[in-house]
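File shown here: upload_32.txt, holding compact mmCIF, C-alpha atoms and all ligand atoms.
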# COMPACT_ATOMS: atom_id res chain seq x y z
CA MET A 1 -9.24 16.87 -15.48
CA ARG A 2 -12.96 17.00 -14.66
CA GLU A 3 -13.80 14.70 -17.57
CA LEU A 4 -11.71 11.98 -15.89
CA GLY A 5 -14.17 11.60 -13.01
CA ARG A 6 -13.74 11.93 -9.27
CA TRP A 7 -10.11 12.00 -8.14
CA PHE A 8 -8.86 10.31 -4.96
CA HIS A 9 -5.31 11.61 -5.31
CA ASN A 10 -4.81 15.31 -4.90
CA ILE A 11 -2.09 16.13 -7.44
CA ASP A 12 -0.94 19.60 -8.34
CA LEU A 13 -1.32 19.83 -12.11
CA ASN A 14 0.39 23.09 -13.01
CA GLY A 15 -1.35 24.85 -10.15
CA VAL A 16 -4.67 22.99 -10.48
CA PRO A 17 -5.37 20.57 -7.58
CA THR A 18 -7.17 17.39 -8.65
CA ALA A 19 -8.86 16.65 -5.29
CA PRO A 20 -8.75 19.80 -3.15
CA ASP A 21 -11.65 18.63 -0.95
CA HIS A 22 -10.19 15.23 -0.03
CA PHE A 23 -11.61 13.98 3.30
CA LEU A 24 -8.08 13.26 4.56
CA GLY A 25 -6.75 16.71 3.65
CA ASP A 26 -3.95 17.15 1.10
CA TYR A 27 -3.78 13.43 0.36
CA PRO A 28 -1.48 11.63 -0.19
CA ARG A 29 1.06 14.46 0.09
CA LEU A 30 0.55 14.51 3.87
CA LYS A 31 1.51 10.83 4.03
CA TRP A 32 4.37 11.30 1.56
CA THR A 33 6.03 13.98 3.72
CA TYR A 34 6.74 11.24 6.31
CA VAL A 35 7.42 8.34 3.94
CA ALA A 36 9.73 10.37 1.69
CA SER A 37 12.36 10.62 4.44
CA ALA A 38 12.79 6.82 4.29
CA ILE A 39 13.41 6.77 0.52
CA PRO A 40 16.66 7.95 -1.09
CA ARG A 41 16.48 11.41 -2.70
CA ASP A 42 18.32 9.99 -5.71
CA LEU A 43 17.04 6.58 -6.74
CA GLN A 44 19.80 6.34 -9.40
CA GLY A 45 17.64 4.66 -12.02
CA ALA A 46 16.16 2.03 -9.72
CA SER A 47 13.11 0.16 -10.99
CA VAL A 48 9.77 0.80 -9.26
CA LEU A 49 6.46 -1.03 -9.18
CA ASP A 50 3.54 0.97 -7.74
CA ILE A 51 0.69 -1.42 -6.89
CA GLY A 52 -2.77 0.14 -6.61
CA CYS A 53 -1.23 3.28 -8.06
CA ASN A 54 -4.52 5.17 -8.32
CA ALA A 55 -3.76 8.48 -10.13
CA GLY A 56 -0.03 7.92 -9.73
CA PHE A 57 0.93 10.40 -7.02
CA TYR A 58 3.65 8.13 -5.60
CA SER A 59 4.84 7.00 -9.05
CA ILE A 60 5.32 10.62 -10.08
CA GLU A 61 7.24 11.36 -6.88
CA MET A 62 9.49 8.30 -7.42
CA LYS A 63 10.17 9.48 -10.97
CA ARG A 64 11.07 12.92 -9.60
CA ARG A 65 13.62 11.12 -7.43
CA ASN A 66 15.34 9.80 -10.52
CA ALA A 67 13.74 6.34 -10.63
CA GLY A 68 14.34 4.42 -13.85
CA ARG A 69 11.49 2.29 -15.14
CA VAL A 70 8.27 2.89 -13.19
CA VAL A 71 5.43 0.43 -13.71
CA ALA A 72 2.14 1.46 -12.11
CA ILE A 73 -0.69 -1.04 -11.85
CA ASP A 74 -4.27 -0.69 -10.69
CA SER A 75 -7.44 -2.74 -11.12
CA ASP A 76 -9.50 0.37 -11.94
CA GLU A 77 -9.32 1.74 -15.48
CA GLU A 78 -10.73 5.12 -14.43
CA TYR A 79 -7.87 5.75 -12.00
CA LEU A 80 -5.34 4.62 -14.61
CA ALA A 81 -6.72 7.18 -17.07
CA GLN A 82 -6.23 9.85 -14.41
CA GLY A 83 -2.69 8.59 -13.87
CA ARG A 84 -1.80 8.74 -17.56
CA PHE A 85 -3.13 12.30 -17.73
CA ALA A 86 -1.34 13.42 -14.55
CA ALA A 87 1.97 11.89 -15.68
CA GLU A 88 1.70 13.61 -19.05
CA VAL A 89 0.99 17.00 -17.45
CA CYS A 90 3.89 16.47 -15.02
CA GLY A 91 6.19 15.45 -17.89
CA VAL A 92 7.20 12.03 -16.52
CA GLU A 93 7.14 8.63 -18.20
CA ILE A 94 5.25 5.95 -16.30
CA ASP A 95 4.08 2.59 -17.63
CA PHE A 96 0.44 2.38 -16.41
CA ARG A 97 -1.23 -1.02 -16.70
CA LYS A 98 -4.58 -2.47 -15.71
CA MET A 99 -3.55 -5.36 -13.50
CA SER A 100 -4.46 -6.80 -10.13
CA VAL A 101 -1.85 -7.29 -7.42
CA TYR A 102 -2.49 -11.03 -7.69
CA ASP A 103 -1.21 -10.91 -11.29
CA ALA A 104 1.93 -8.91 -10.49
CA PRO A 105 4.11 -12.07 -10.73
CA LYS A 106 3.12 -12.22 -14.42
CA LEU A 107 5.25 -9.12 -14.99
CA GLY A 108 8.10 -11.63 -14.75
CA GLU A 109 10.36 -9.14 -13.01
CA ARG A 110 11.60 -8.25 -9.56
CA PHE A 111 11.66 -4.53 -8.75
CA ASP A 112 14.12 -2.51 -6.66
CA TRP A 113 11.25 -0.66 -4.99
CA VAL A 114 7.70 -1.98 -4.68
CA LEU A 115 5.06 0.38 -3.33
CA PHE A 116 2.08 -1.45 -1.87
CA MET A 117 0.21 1.35 -0.20
CA GLY A 118 -3.45 1.59 0.73
CA VAL A 119 -4.37 -1.67 -0.98
CA LEU A 120 -4.16 -4.53 1.55
CA TYR A 121 -7.49 -3.76 3.24
CA HIS A 122 -9.20 -3.72 -0.17
CA LEU A 123 -8.25 -7.35 -0.76
CA ARG A 124 -10.23 -10.48 0.00
CA TYR A 125 -6.98 -12.46 0.16
CA PRO A 126 -4.44 -10.12 1.81
CA LEU A 127 -1.88 -12.72 2.85
CA LEU A 128 -1.89 -14.27 -0.61
CA ALA A 129 -0.93 -10.87 -2.04
CA LEU A 130 1.95 -10.43 0.41
CA ASP A 131 3.17 -13.98 -0.20
CA LEU A 132 3.19 -13.42 -3.98
CA LEU A 133 5.08 -10.13 -3.65
CA ALA A 134 7.75 -11.70 -1.45
CA GLU A 135 8.10 -14.76 -3.63
CA HIS A 136 8.07 -13.17 -7.08
CA VAL A 137 8.08 -9.36 -7.16
CA VAL A 138 10.22 -7.60 -4.54
CA ARG A 139 13.99 -7.44 -5.04
CA GLY A 140 14.99 -4.45 -2.92
CA ARG A 141 12.47 -2.74 -0.66
CA LEU A 142 8.75 -3.01 -0.09
CA VAL A 143 7.03 0.21 0.97
CA PHE A 144 3.88 -1.01 2.66
CA GLN A 145 1.00 1.01 4.07
CA SER A 146 -2.37 -0.03 5.41
CA MET A 147 -5.27 1.53 7.24
CA LEU A 148 -5.00 0.16 10.81
CA ARG A 149 -7.76 -0.30 13.33
CA GLY A 150 -7.70 -1.67 16.87
CA ALA A 151 -4.94 -1.38 19.44
CA ASP A 152 -1.54 0.06 18.66
CA ARG A 153 -0.05 -2.20 21.31
CA ILE A 154 1.90 -5.33 20.34
CA ASP A 155 1.87 -8.33 22.68
CA ARG A 156 4.96 -10.47 23.14
CA LEU A 157 3.75 -13.88 22.06
CA GLU A 158 5.07 -17.36 22.75
CA ASP A 159 5.83 -19.64 19.81
CA ASP A 160 3.01 -21.94 20.84
CA TYR A 161 0.07 -22.13 23.28
CA PRO A 162 -1.81 -25.11 24.70
CA PHE A 163 -5.26 -25.82 23.16
CA ARG A 164 -7.06 -24.69 26.33
CA GLN A 165 -5.28 -21.32 26.46
CA VAL A 166 -8.00 -19.12 24.96
CA ALA A 167 -7.55 -15.80 26.80
CA VAL A 168 -4.58 -14.80 24.67
CA PHE A 169 -6.85 -14.18 21.67
CA ASP A 170 -8.87 -11.57 23.55
CA SER A 171 -5.89 -9.37 24.28
CA PRO A 172 -6.00 -6.12 22.24
CA GLY A 173 -2.32 -6.59 21.36
CA TYR A 174 -2.86 -10.00 19.74
CA PRO A 175 -2.65 -9.89 15.88
CA LYS A 176 -6.18 -9.24 14.61
CA LEU A 177 -7.61 -8.84 11.14
CA HIS A 178 -11.07 -7.28 11.30
CA PHE A 179 -13.46 -8.54 8.65
CA VAL A 180 -15.88 -6.05 7.07
CA GLU A 181 -18.79 -7.99 5.65
CA LYS A 182 -20.70 -5.01 4.33
CA SER A 183 -19.07 -1.60 4.22
CA TYR A 184 -16.71 0.64 6.16
CA SER A 185 -16.43 4.38 5.61
CA ARG A 186 -19.06 4.04 2.89
CA ASP A 187 -16.69 1.86 0.92
CA GLY A 188 -17.87 -1.66 0.12
CA THR A 189 -14.38 -2.60 -1.09
CA ASN A 190 -12.91 -2.61 2.42
CA TRP A 191 -12.61 -6.26 3.49
CA TRP A 192 -9.89 -6.87 6.09
CA ILE A 193 -8.50 -4.19 8.39
CA PRO A 194 -5.55 -5.26 10.55
CA ASN A 195 -4.36 -3.92 13.86
CA ARG A 196 -0.70 -3.00 14.16
CA ALA A 197 0.34 -6.37 15.62
CA CYS A 198 -1.34 -8.20 12.74
CA THR A 199 0.23 -5.96 10.09
CA GLU A 200 3.72 -6.61 11.40
CA ALA A 201 3.05 -10.33 11.90
CA MET A 202 1.70 -10.73 8.34
CA LEU A 203 4.68 -8.93 6.86
CA ARG A 204 7.04 -11.24 8.76
CA SER A 205 5.00 -14.32 7.93
CA ALA A 206 5.14 -13.51 4.21
CA GLY A 207 8.93 -13.37 4.42
CA PHE A 208 9.65 -9.67 4.97
CA GLU A 209 11.84 -8.05 7.56
CA ILE A 210 10.69 -4.64 8.79
CA VAL A 211 13.52 -2.14 8.35
CA SER A 212 11.73 1.01 9.51
CA ARG A 213 8.35 2.54 10.22
CA PRO A 214 8.51 6.14 8.96
CA GLU A 215 4.96 6.82 10.08
CA GLU A 216 2.26 4.91 12.00
CA GLU A 217 0.81 3.02 9.04
CA THR A 218 3.85 2.69 6.80
CA TYR A 219 6.64 0.12 6.83
CA ILE A 220 9.82 -0.15 4.81
CA CYS A 221 10.67 -3.85 4.44
CA ARG A 222 13.18 -6.09 2.77
CA ARG A 223 12.97 -9.78 1.96
CA ARG A 224 14.41 -12.04 4.62
C1 LIG A 301 -7.04 3.62 -1.16
S1 LIG A 301 -6.47 3.60 -2.82
C2 LIG A 301 -4.71 3.79 -2.54
C3 LIG A 301 -4.03 4.46 -3.68
C4 LIG A 301 -2.55 4.75 -3.48
N1 LIG A 301 -1.76 3.53 -3.52
C5 LIG A 301 -2.32 5.49 -2.21
O1 LIG A 301 -1.78 4.92 -1.25
O2 LIG A 301 -2.66 6.68 -2.13
C6 LIG A 301 -6.59 1.90 -3.29
C7 LIG A 301 -6.22 1.64 -4.73
O3 LIG A 301 -6.03 0.25 -4.90
C8 LIG A 301 -6.66 -0.15 -6.09
N2 LIG A 301 -6.94 -1.60 -5.97
C9 LIG A 301 -7.93 -2.20 -5.27
N3 LIG A 301 -7.85 -3.53 -5.39
C10 LIG A 301 -6.76 -3.78 -6.18
C11 LIG A 301 -6.16 -4.97 -6.69
N4 LIG A 301 -6.65 -6.18 -6.41
N5 LIG A 301 -5.06 -4.85 -7.46
C12 LIG A 301 -4.56 -3.63 -7.77
N6 LIG A 301 -5.11 -2.47 -7.34
C13 LIG A 301 -6.19 -2.54 -6.55
C14 LIG A 301 -7.89 0.74 -6.19
O4 LIG A 301 -8.41 0.80 -7.49
C15 LIG A 301 -7.31 2.06 -5.70
O5 LIG A 301 -6.75 2.80 -6.73
Please re-express this file's structure in structure tokens.
Amino acid sequence: MRELGRWFHNIDLNGVPTAPDHFLGDYPRLKWTYVASAIPRDLQGASVLDIGCNAGFYSIEMKRRNAGRVVAIDSDEEYLAQGRFAAEVCGVEIDFRKMSVYDAPKLGERFDWVLFMGVLYHLRYPLLALDLLAEHVVRGRLVFQSMLRGADRIDRLEDDYPFRQVAVFDSPGYPKLHFVEKSYSRDGTNWWIPNRACTEAMLRSAGFEIVSRPEEETYICRRR
């Protein structure tokens, strides 16, 4: 386990935790305890695509819920190596592949469940990714999670505003995507961090309908 570098996912490998000192606590199990309630206990062989899978925590949990084929993609080979190791120790079969979210349409398949968690704010082109997933990749449900910053409030917006109406943009509840030019939380791969209104608006704009919000940052969606 140590030879595979620094772990972001804390996974219990036969009693050995891979990231016991995670800055967010027992992560992502803490998040999973909320999200899990919105996912069937028995997935009855459903296909799953886990985008930005990291060391595969969510893929392993989906497999434990009787998912069928689970494809797990990430742009980072080091995390994929951790994932392959974790899956082997946990005794589950997961198809790990080095692939960016932008290339997911090349899989040539729509999946029953697509997990897109903790990735959006790492992208330079977040709406492109959501558009591609809606158009080519999601068949059943999208499980979406993003770091959120800014107001939790959501303004009721008109369909259109006159050119000279400028105040609306300054309202905290207006959809906002905060650009990080340099670094946030000592991570230079954070680019765009949405507020809640922006997250929900982008999901809708890409063609998703929000079915539920099992915790603050996570949305279960289906294609409209
Ligand atoms: C914050 S971690 C989230 C991991 C996991 N999905 C979770 O929610 O716990 C972000 C992951 O996304 C991966 N990633 C970043 N950009 C990506 C891209 N363009 N395509 C696929 N994965 C990407 C990173 O390598 C990293 O494993």
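Near stretch 119-125 of chain A, within 6 Å and counting only C-alpha atoms, sit Thr189, Asn190, Trp191, Trp192 and Ile193 of chain A, not including residues fewer than 5 positions from it in the same chain.
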For this session: Kindly provide, as number ranges by chain, all nucleotide and amino acid residues lying within 10 Å of ligand LIG 301 (chain A), counting all atoms listed in the file.
Result: A: 7-10, 27-29, 31-32, 50-59, 72-80, 97-104, 115-126, 129, 144-147, 189-190
Problem set entry | Who sits within 10 Å of stretch 199-209 of chain A, all atoms listed in the file, same chain under 4 positions skipped, as a ChimeraX atom specification | /A:120,126-135,138,141-142,144-148,154,174-177,193-195,217-224
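Here atom CA of A:Leu13 is placed at a distance of 19.5 Å from atom CA of A:Val70.
Of note, atom CA of A:Leu107 and atom CA of A:Cys198 are spaced 28.5 Å apart.
Atom CA of A:Gly188 is found 28.8 Å from atom CA of A:Thr33.
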For this session: Could you please give me, as a PyMOL selection string, the residues of protein, DNA or RNA lying at most 9 Å from (8.5, 14.6, 10.5) in the coordinate frame of the file, considering all atoms listed in the file?
Result: chain A and resi 33-34+37+214-215
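Comparing A:Ile94, A:Val16, A:Leu49, A:Ala87 by their smallest distance to A:Arg110, the closest is A:Leu49 (using all atoms listed in the file).
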Would you give the centre and edge lengths, in Å to one decimal, of a box along x, y and z around the listed atoms of stretch 111-114 of chain A, with 8 Å added to each side, as lines of an AutoDock Vina configuration file?
center_x = 10.9
center_y = -2.6
center_z = -6.7
size_x = 22.4
size_y = 19.9
size_z = 20.1
With all heavy atoms as the atom set, please write stretch 126-141 of chain A from the structure just given, as a PDB file, in the first residue's frame.
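Ended up saving to selection02.pdb:
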ATOM      1  N   PRO A 126     -15.836  22.873 -17.474  1.00  0.00           N
ATOM      2  CA  PRO A 126     -16.832  22.080 -16.738  1.00  0.00           C
ATOM      3  C   PRO A 126     -18.139  21.837 -17.487  1.00  0.00           C
ATOM      4  O   PRO A 126     -18.674  20.723 -17.445  1.00  0.00           O
ATOM      5  CB  PRO A 126     -17.067  22.901 -15.464  1.00  0.00           C
ATOM      6  CG  PRO A 126     -16.492  24.245 -15.713  1.00  0.00           C
ATOM      7  CD  PRO A 126     -15.440  24.093 -16.754  1.00  0.00           C
ATOM      8  N   LEU A 127     -18.639  22.844 -18.191  1.00  0.00           N
ATOM      9  CA  LEU A 127     -19.922  22.658 -18.868  1.00  0.00           C
ATOM     10  C   LEU A 127     -19.782  21.711 -20.061  1.00  0.00           C
ATOM     11  O   LEU A 127     -20.704  20.948 -20.368  1.00  0.00           O
ATOM     12  CB  LEU A 127     -20.493  24.010 -19.308  1.00  0.00           C
ATOM     13  CG  LEU A 127     -21.985  24.070 -19.603  1.00  0.00           C
ATOM     14  CD1 LEU A 127     -22.816  23.464 -18.475  1.00  0.00           C
ATOM     15  CD2 LEU A 127     -22.415  25.518 -19.828  1.00  0.00           C
ATOM     16  N   LEU A 128     -18.623  21.742 -20.698  1.00  0.00           N
ATOM     17  CA  LEU A 128     -18.378  20.797 -21.795  1.00  0.00           C
ATOM     18  C   LEU A 128     -18.496  19.363 -21.264  1.00  0.00           C
ATOM     19  O   LEU A 128     -19.125  18.497 -21.891  1.00  0.00           O
ATOM     20  CB  LEU A 128     -16.987  21.027 -22.401  1.00  0.00           C
ATOM     21  CG  LEU A 128     -16.526  19.978 -23.422  1.00  0.00           C
ATOM     22  CD1 LEU A 128     -17.438  19.952 -24.639  1.00  0.00           C
ATOM     23  CD2 LEU A 128     -15.076  20.239 -23.858  1.00  0.00           C
ATOM     24  N   ALA A 129     -17.906  19.114 -20.103  1.00  0.00           N
ATOM     25  CA  ALA A 129     -17.965  17.761 -19.534  1.00  0.00           C
ATOM     26  C   ALA A 129     -19.407  17.343 -19.274  1.00  0.00           C
ATOM     27  O   ALA A 129     -19.825  16.235 -19.645  1.00  0.00           O
ATOM     28  CB  ALA A 129     -17.142  17.700 -18.249  1.00  0.00           C
ATOM     29  N   LEU A 130     -20.192  18.233 -18.666  1.00  0.00           N
ATOM     30  CA  LEU A 130     -21.591  17.885 -18.375  1.00  0.00           C
ATOM     31  C   LEU A 130     -22.387  17.662 -19.659  1.00  0.00           C
ATOM     32  O   LEU A 130     -23.200  16.742 -19.760  1.00  0.00           O
ATOM     33  CB  LEU A 130     -22.244  18.988 -17.534  1.00  0.00           C
ATOM     34  CG  LEU A 130     -21.828  19.040 -16.065  1.00  0.00           C
ATOM     35  CD1 LEU A 130     -22.442  20.260 -15.377  1.00  0.00           C
ATOM     36  CD2 LEU A 130     -22.247  17.768 -15.337  1.00  0.00           C
ATOM     37  N   ASP A 131     -22.140  18.515 -20.654  1.00  0.00           N
ATOM     38  CA  ASP A 131     -22.837  18.357 -21.943  1.00  0.00           C
ATOM     39  C   ASP A 131     -22.530  16.995 -22.562  1.00  0.00           C
ATOM     40  O   ASP A 131     -23.423  16.294 -23.051  1.00  0.00           O
ATOM     41  CB  ASP A 131     -22.392  19.441 -22.936  1.00  0.00           C
ATOM     42  CG  ASP A 131     -23.002  20.807 -22.636  1.00  0.00           C
ATOM     43  OD1 ASP A 131     -23.900  20.882 -21.776  1.00  0.00           O
ATOM     44  OD2 ASP A 131     -22.568  21.789 -23.259  1.00  0.00           O
ATOM     45  N   LEU A 132     -21.248  16.605 -22.534  1.00  0.00           N
ATOM     46  CA  LEU A 132     -20.846  15.324 -23.134  1.00  0.00           C
ATOM     47  C   LEU A 132     -21.494  14.151 -22.403  1.00  0.00           C
ATOM     48  O   LEU A 132     -21.958  13.194 -23.026  1.00  0.00           O
ATOM     49  CB  LEU A 132     -19.318  15.171 -23.091  1.00  0.00           C
ATOM     50  CG  LEU A 132     -18.535  16.075 -24.044  1.00  0.00           C
ATOM     51  CD1 LEU A 132     -17.039  16.001 -23.746  1.00  0.00           C
ATOM     52  CD2 LEU A 132     -18.798  15.689 -25.505  1.00  0.00           C
ATOM     53  N   LEU A 133     -21.551  14.256 -21.061  1.00  0.00           N
ATOM     54  CA  LEU A 133     -22.135  13.151 -20.292  1.00  0.00           C
ATOM     55  C   LEU A 133     -23.624  13.000 -20.609  1.00  0.00           C
ATOM     56  O   LEU A 133     -24.130  11.891 -20.771  1.00  0.00           O
ATOM     57  CB  LEU A 133     -21.932  13.370 -18.795  1.00  0.00           C
ATOM     58  CG  LEU A 133     -20.475  13.378 -18.320  1.00  0.00           C
ATOM     59  CD1 LEU A 133     -20.400  13.485 -16.801  1.00  0.00           C
ATOM     60  CD2 LEU A 133     -19.735  12.137 -18.787  1.00  0.00           C
ATOM     61  N   ALA A 134     -24.313  14.141 -20.709  1.00  0.00           N
ATOM     62  CA  ALA A 134     -25.751  14.071 -21.006  1.00  0.00           C
ATOM     63  C   ALA A 134     -25.982  13.530 -22.412  1.00  0.00           C
ATOM     64  O   ALA A 134     -26.878  12.714 -22.649  1.00  0.00           O
ATOM     65  CB  ALA A 134     -26.379  15.448 -20.857  1.00  0.00           C
ATOM     66  N   GLU A 135     -25.155  13.976 -23.329  1.00  0.00           N
ATOM     67  CA  GLU A 135     -25.388  13.636 -24.737  1.00  0.00           C
ATOM     68  C   GLU A 135     -24.978  12.204 -25.086  1.00  0.00           C
ATOM     69  O   GLU A 135     -25.613  11.564 -25.917  1.00  0.00           O
ATOM     70  CB  GLU A 135     -24.607  14.616 -25.604  1.00  0.00           C
ATOM     71  CG  GLU A 135     -25.286  14.901 -26.933  1.00  0.00           C
ATOM     72  CD  GLU A 135     -24.662  16.124 -27.593  1.00  0.00           C
ATOM     73  OE1 GLU A 135     -24.602  17.181 -26.960  1.00  0.00           O
ATOM     74  OE2 GLU A 135     -24.241  15.983 -28.738  1.00  0.00           O
ATOM     75  N   HIS A 136     -23.928  11.698 -24.415  1.00  0.00           N
ATOM     76  CA  HIS A 136     -23.369  10.418 -24.861  1.00  0.00           C
ATOM     77  C   HIS A 136     -23.223   9.327 -23.809  1.00  0.00           C
ATOM     78  O   HIS A 136     -22.988   8.175 -24.164  1.00  0.00           O
ATOM     79  CB  HIS A 136     -21.961  10.636 -25.450  1.00  0.00           C
ATOM     80  CG  HIS A 136     -21.913  11.623 -26.571  1.00  0.00           C
ATOM     81  ND1 HIS A 136     -22.345  11.321 -27.844  1.00  0.00           N
ATOM     82  CD2 HIS A 136     -21.495  12.907 -26.600  1.00  0.00           C
ATOM     83  CE1 HIS A 136     -22.182  12.378 -28.621  1.00  0.00           C
ATOM     84  NE2 HIS A 136     -21.679  13.353 -27.885  1.00  0.00           N
ATOM     85  N   VAL A 137     -23.267   9.657 -22.521  1.00  0.00           N
ATOM     86  CA  VAL A 137     -22.776   8.681 -21.532  1.00  0.00           C
ATOM     87  C   VAL A 137     -23.825   8.204 -20.517  1.00  0.00           C
ATOM     88  O   VAL A 137     -23.840   7.037 -20.130  1.00  0.00           O
ATOM     89  CB  VAL A 137     -21.539   9.269 -20.785  1.00  0.00           C
ATOM     90  CG1 VAL A 137     -20.986   8.264 -19.792  1.00  0.00           C
ATOM     91  CG2 VAL A 137     -20.447   9.662 -21.789  1.00  0.00           C
ATOM     92  N   VAL A 138     -24.713   9.098 -20.085  1.00  0.00           N
ATOM     93  CA  VAL A 138     -25.674   8.723 -19.037  1.00  0.00           C
ATOM     94  C   VAL A 138     -26.928   8.111 -19.648  1.00  0.00           C
ATOM     95  O   VAL A 138     -27.543   8.701 -20.538  1.00  0.00           O
ATOM     96  CB  VAL A 138     -26.073   9.956 -18.185  1.00  0.00           C
ATOM     97  CG1 VAL A 138     -27.134   9.583 -17.155  1.00  0.00           C
ATOM     98  CG2 VAL A 138     -24.847  10.549 -17.501  1.00  0.00           C
ATOM     99  N   ARG A 139     -27.300   6.919 -19.154  1.00  0.00           N
ATOM    100  CA  ARG A 139     -28.587   6.342 -19.552  1.00  0.00           C
ATOM    101  C   ARG A 139     -29.591   6.481 -18.398  1.00  0.00           C
ATOM    102  O   ARG A 139     -30.694   6.941 -18.593  1.00  0.00           O
ATOM    103  CB  ARG A 139     -28.440   4.862 -19.915  1.00  0.00           C
ATOM    104  CG  ARG A 139     -29.808   4.228 -20.228  1.00  0.00           C
ATOM    105  CD  ARG A 139     -29.715   2.867 -20.877  1.00  0.00           C
ATOM    106  NE  ARG A 139     -28.817   1.989 -20.169  1.00  0.00           N
ATOM    107  CZ  ARG A 139     -27.946   1.176 -20.783  1.00  0.00           C
ATOM    108  NH1 ARG A 139     -27.874   1.162 -22.093  1.00  0.00           N
ATOM    109  NH2 ARG A 139     -27.160   0.391 -20.079  1.00  0.00           N
ATOM    110  N   GLY A 140     -29.157   6.063 -17.212  1.00  0.00           N
ATOM    111  CA  GLY A 140     -30.074   6.069 -16.070  1.00  0.00           C
ATOM    112  C   GLY A 140     -29.906   7.301 -15.203  1.00  0.00           C
ATOM    113  O   GLY A 140     -30.538   8.318 -15.427  1.00  0.00           O
ATOM    114  N   ARG A 141     -29.032   7.188 -14.217  1.00  0.00           N
ATOM    115  CA  ARG A 141     -28.844   8.281 -13.254  1.00  0.00           C
ATOM    116  C   ARG A 141     -27.415   8.808 -13.267  1.00  0.00           C
ATOM    117  O   ARG A 141     -26.462   8.049 -13.453  1.00  0.00           O
ATOM    118  CB  ARG A 141     -29.142   7.786 -11.835  1.00  0.00           C
ATOM    119  CG  ARG A 141     -30.603   7.398 -11.614  1.00  0.00           C
ATOM    120  CD  ARG A 141     -31.458   8.639 -11.459  1.00  0.00           C
ATOM    121  NE  ARG A 141     -32.818   8.308 -11.080  1.00  0.00           N
ATOM    122  CZ  ARG A 141     -33.810   8.087 -11.943  1.00  0.00           C
ATOM    123  NH1 ARG A 141     -33.600   8.141 -13.239  1.00  0.00           N
ATOM    124  NH2 ARG A 141     -35.032   7.805 -11.504  1.00  0.00           N
TER     125      ARG A 141
END
